[in-house]
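One structure below.
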Amino acid sequence: MRTWKTKKEFKKLFIEKAEVLFEKNVKELSHREVYQIIATMIKDLVSDDWIQTEKIYNHKRVRQVYYFSIEFLLGRLLNTNLLNCDMEELCRSALQDFGFDLEDIFPEEPDPGLGNGGLGRLAACYIDSMAALQLPGHGCSIRYQYGLFDQRIIDGQQVELPDAWLRNGFPWEIKKSDKAVDVRFGGHAYMRPGKGGALVCVHEQYNTVRAVPYDVPVLGYQNRTVNTLRLWKAEYTRENMYGQLRYGDYRKALQYKDQAQQISRFLYPNDSTYEGRKLRLMQEYFFVSAGLQSIMRHYKKHYGSPKLFDRYIALHINDTHPALIIPELMRILMDEEGLSWEDSWRITTNSVAYTNHTILPEALERWSIPMFQELLPRIFLIVDEINRRWLEAVQQRFPGQEDKAREVAILWNNQVHMASLAVVGSHSVNGVAKLHSEILKINTLKPFYTWFPERFNNKTNGVTHRRWLIESNPQLTELICDTIGKDWVHAPEKLLALEPFGNDAAFRERLAEVKQKRKEILAEYLHKERNITLNPHSIFDIQIKRMHMYKRQLLNILHVYHLYRQLVENPGMDIIPRTFIFGGKAAASYGEAKITIQLINTVARLIDQDYRAARKLKVVFLENYNVSLGQKLFPAADVSEQISTASKEASGTGNMKFMFNGAITLGTMDGANVEIHQEVGDEHSVIFGLRADEVQRYYQEGGYSSWDIYNSDADVRRALEVLEENPMFGQLREALLDRNDEFFVLKDFKSYCAAQQEIERRYRDTEGWFRSSTVNIAHAGHFSSDRSIQEYADEIWNLDAVKI
Ligand code: GL7
């Protein structure tokens with residue numbers, strides 16, 4: 001393949017591509033076409049390394065990991081890939097010669113919305129880190145035709161539009177039709193004696209869905225490693241269709257065709273909520289089965305005997321959505337490879353490891369047995385047998401103790417419990433922050449912990465500093481490199497060398513300039529693109545994440561309203577101007593979350609229209625928060641709002657992105673906030689509110705009455721007046737008072753207000769503020785996903801790096 005390494009070659013190839021792809025000369029190209037050309041050129045450029053990487057893995061028969069996740073929230077890839085293959089400057093300058101500005105090209109790339117929130121974004125950071133660390137690790141997921149909806153705000157309310165992100169194609173992918181596999185749904189499965197009398201499974205009258213893989217290259221950071229993210233698309237098969245037509249059953253044939261194509265049509269737009277729909281179960285089995293079949297085929301070709309599968313292959317499941325990998329691997333080993341149950345079980349549990357991402361009970365997946373059985377009859381037989389053998393072991397240890405069995409059963413109450421399956425069928429179970437991992441042991445998964453204490457461990461989340469600092473904030477990156485050199489780029493924990501510069505006035509001044517600059521860049525962007533005017537000299541206080549009651553955007557906006565009322569009563573009040581920025585999508589079916597968006601917009605309008613407040617306060621709700629908007633917001637933040645009810649946010653990862661960009665955390669002792677606080681201390685973060693154990697004690701023992709707080713605290717009463725603005729808000733008032741405030745908004749209100757005052761007090765001390773900002777950046781290295789992934793590789797996957 002002819003590729004480019006110099007500007008001259010780049011320009012020559014660029015001109016050729018313009019002709020081949022669009023039959024245009026360079027002057028006629030639109031920005032979108034320029035984007036498509038460069039993306040294609042990068043894909044060509046790395047294709048040799050991609051092939052080479054795979055060759056070396058196969059040739060050396062290295063141990064590999066496959067990371068199964070039902071979401072990968074990738075974000076745009078052009079800038080990332082240019083950075084990874086060290087071609088950004090060359091490309092920028094070549095385009096300039098053609099009269100294009102690379103900065104105008106980046107926004108042409110649609111965000112692949114293949115995820116909801118933190119869980120999906122974590123998967124994207126993790127494959128980035130695997131490639132950067134030269135670990136043989138690949139992603140496996142679904143190629144949804146429609147990603148998470150496009151959010152519009154109309155009259156203050158969220159409206160969901162379909163996200164047809166594939167409309168103009170996806171230049172990063174390569175369709176691999178020859179690697180397609182078939183996945184079976186429905187039919188009947190039963191056991192019958194085979195040769196020599198041993199029972200074998202018969203599965204008949206099933207429907208076949210064809211899974212077609214689309215591969216996306218995952219580039220290492222300037223190291224020639226190119227791993228693969230494999231996304232599966234569902235198609236119907238003609239054979240299956242004709243089979244039904246032969247019997248004259250047109251209705252069934254069309255129904256089959258439609259169902260097959262539906263499987264990879266939509267991403268489920270729920271975050272942290274279990275969606276008990278048949279199509280979702282089909283999606284889960286579809287990508288797990290397709291992925292595993294292709295892994296096994298590849299493994300047998302290059303590695304050999306299935307008996308040694310677990311020596312070479314690690315399978316990771318990102319939450320329980322891919323947990324059917326356990327019975328599916330059992331099926332392949334027994335039905336297709338002829339192994340015994342015992343051998344298959346040993347291989348399966350040695351291969352699979354499971355990460356839990358939430359303790360919210362509404363997120364724990366459970367499937368109705370009749371539906372499961374009808375859709376996946378063979379898989380059900382295997383799950384049933386796993387459950388039978390497991391409960392037999394429980395009975396032996398605790399004879400006659402029914403309750404012991406009930407707590408840990410996989411099949412119970414006419415349901416398949418996916419978390420139980422994931423724990424029983426894997427060798428490692430981890431939480432995503434220290435606090436969360438402890439809660440799993442003492443609470444959510446307690447009965448399992450007493451059985452398998454050695455399986456439980458913690459892997460605190462991380463984010464890729466390449467995207468979230470180097471790519472998003474070049475100004476700060478340059479300042480850091482000027483100050484401590486470049487070692488931290490490859491070894492982010494070396495950011496610690498920055499800490500002493502917190503005491504250096506010249507450094508702090510430059511840091512303040514960078515922050516100012518980034519606030520101005522954001523203000524200009526919002527002015528130009530969204531007709532929003534911000535005061536770049538105000539404090540930028542930002543809460544961006546999915547809309548959820550446990551994340552308590554409601555607490556934030558009630559405090560804003562409280563400030564507003566103070567200003568109205570006392571217009572001369574001395575406060576530093578503040579801009580409160582919100583962004584996040586609410587699941588279309590999540591009423592309270594959608595009303596909270598309306599409330600935020602109502603308060604925003606109230607303040608805008610009131611001269612007594614408008615000069616000092618500003619509230620904006622930014623439409624359609626996604627990865628690329630995030631990349632503009634994190635660098636501009638002064639204050640990072642991390643205010644979830646303690647114990648509810650398993651980790652959070654936005655908190656880490658803010659930290660890399662020098663914002664100060666205003667947070668509860670929840671998720672990874674606890675570890676951020678541990679890194680920087682009380683002096684450089686602001687912590688408030690109930691602790692996790694207090695929250696859990698209230699849940700268990702009662703004793704909290706939100707009415708008591710309402711009756712005794714005049715500020716709370718006044719803040720809640722805003723809920724009388726619109727009858728819609730009555731629902732929120734009810735949740736807070738009549739349903740006793742499940743998320744302790746009123747309980748934490750006073751302490752949150754005090755914490756906000758503390759923020760203001762610290763901000764007035766510019767020297768102290770930028771010292772804190774420096775300390776945060778210096779300690780952010782610990783929260784790079786490179787650190788997390790190295791821990792997974794060392795402690796769970798047992799995986800070594802491979803030089804390419
Ligand atoms: C989540 C957690 O809510 C979030 O705190 C965590 O950072 C993330 C990645 O581990 O996983 N769990 C979950 O179900 N979703 C998350 O974002 C959707």
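Here's how to read the names in the structure tokens: chain A, B, ... by the order shown, residue numbers from 1 in each chain, ligand numbers from 1 in the order shown.
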
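For segment 201-271 of chain A, backbone-based DSSP labels the following residues as strand (DSSP E or B): Cys201, Val202, His203, Glu204, Asn207, Thr208, Val209, Arg210, Ala211, Val212, Pro213, Tyr214, Asp215, Val216, Pro217, Val218, Leu219, Val226, Asn227, Thr228, Leu229, Arg230, Leu231, Trp232, Lys233, Ala234, Glu235, Tyr236 and Phe266 of chain A.
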
Selection export as a tab-separated table (two decimals), in the first residue's frame, atoms kept: C-alpha atoms:
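Generated output (part_14.tsv):
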chain	number	residue	atom	x	y	z
A	201	CYS	CA	-27.76	-31.56	22.93
A	202	VAL	CA	-30.09	-31.24	19.96
A	203	HIS	CA	-31.18	-27.72	19.02
A	204	GLU	CA	-33.70	-27.52	16.16
A	207	ASN	CA	-33.86	-18.89	13.50
A	208	THR	CA	-30.43	-17.81	12.33
A	209	VAL	CA	-29.30	-14.20	12.48
A	210	ARG	CA	-26.16	-13.30	10.59
A	211	ALA	CA	-23.62	-11.25	12.52
A	212	VAL	CA	-21.33	-9.19	10.29
A	213	PRO	CA	-18.27	-7.60	11.89
A	214	TYR	CA	-17.06	-4.06	11.24
A	215	ASP	CA	-13.56	-3.50	12.54
A	216	VAL	CA	-12.28	-0.17	13.82
A	217	PRO	CA	-8.53	0.24	14.37
A	218	VAL	CA	-7.50	1.27	17.87
A	219	LEU	CA	-4.17	3.07	17.66
A	226	VAL	CA	-3.00	-1.22	16.34
A	227	ASN	CA	-5.64	-3.26	18.18
A	228	THR	CA	-9.21	-3.86	17.05
A	229	LEU	CA	-12.64	-2.76	18.15
A	230	ARG	CA	-15.03	-5.20	16.52
A	231	LEU	CA	-18.62	-3.99	16.13
A	232	TRP	CA	-21.31	-6.45	15.03
A	233	LYS	CA	-24.18	-5.67	12.73
A	234	ALA	CA	-27.23	-7.97	12.54
A	235	GLU	CA	-28.57	-9.13	9.20
A	236	TYR	CA	-31.18	-11.65	8.19
A	266	PHE	CA	-30.97	1.16	18.34

Next on the checklist: At a cut-off of 12 Å, using only C-alpha atoms, what residues contact Gly243 of chain A? Leave out same-chain residues fewer than 4 positions from it and give the result as a ChimeraX atom specification.
Outcome noted: /A:205-208,237-239,247-250,252-254,256-257

Item to check | alpha helix (DSSP H) positions in segment 154-288 of chain A, given as a ChimeraX atom specification | outcome: /A:238-246,250-262,278-288

Item to check | Environment of ligand 1 within 6 Å, counting only C-alpha atoms and all ligand atoms, reported as a list of chain:residue names | outcome: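 Checked against 6 Å with only C-alpha atoms and all ligand atoms; the hits are A:Gly117, A:Gly118, A:Leu119, A:Leu122, A:Asp271, A:Ser272, A:His357, A:Thr358, A:Val432, A:Glu649, A:Ala650, A:Ser651, A:Gly652, A:Thr653.
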
Item to check | Counting only C-alpha atoms, the option among A:His677, A:Arg224, A:Lys446, A:Arg366 closest to Asn413 of chain A | outcome: A:Arg366

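Of the listed residues (A:Ser640, A:Ser47, A:Gln553, A:Thr355), A:Gln553 comes nearest to Lys594 of chain A; the distances count only C-alpha atoms.
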
Checklist entry - What is the atom CA of Val514 of chain A to atom CA of Gln475 of chain A distance in Å? => result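 The value is 6.2 Å.
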
Next on the checklist: Report, in Å to a single decimal, how far apart atom CA of Ser772 of chain A and atom CA of Ile600 of chain A are.
Outcome noted: 29.5 Å

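The list of residues with at least one atom within 10 Å of Trp345 of chain A, based on only C-alpha atoms and without residues fewer than 2 positions apart in the same chain, reads Ile326, Pro327, Leu329, Met330, Leu333, Met334, Leu339, Ser340, Trp341, Glu342, Asp343, Ile347, Thr348, Thr349, Asn350, Ser351, Ile386, Gly425 and Ser426 of chain A.
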
Item to check | Selection: 10 Å around Ser129 of chain A, only C-alpha atoms, excl. self and same-chain fewer than 6 positions, as an MDAnalysis selection string | outcome: chainID A and resid 123 135 137 218:221 462:466 784:790

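The protein and nucleic acid residues lying at most 8 Å from Ile607 of chain A are Tyr564, Val603, Tyr611, Ala613, Ala614, Leu617, Lys618 and Val619 of chain A, with only C-alpha atoms considered and sequence neighbours fewer than 4 positions away removed.
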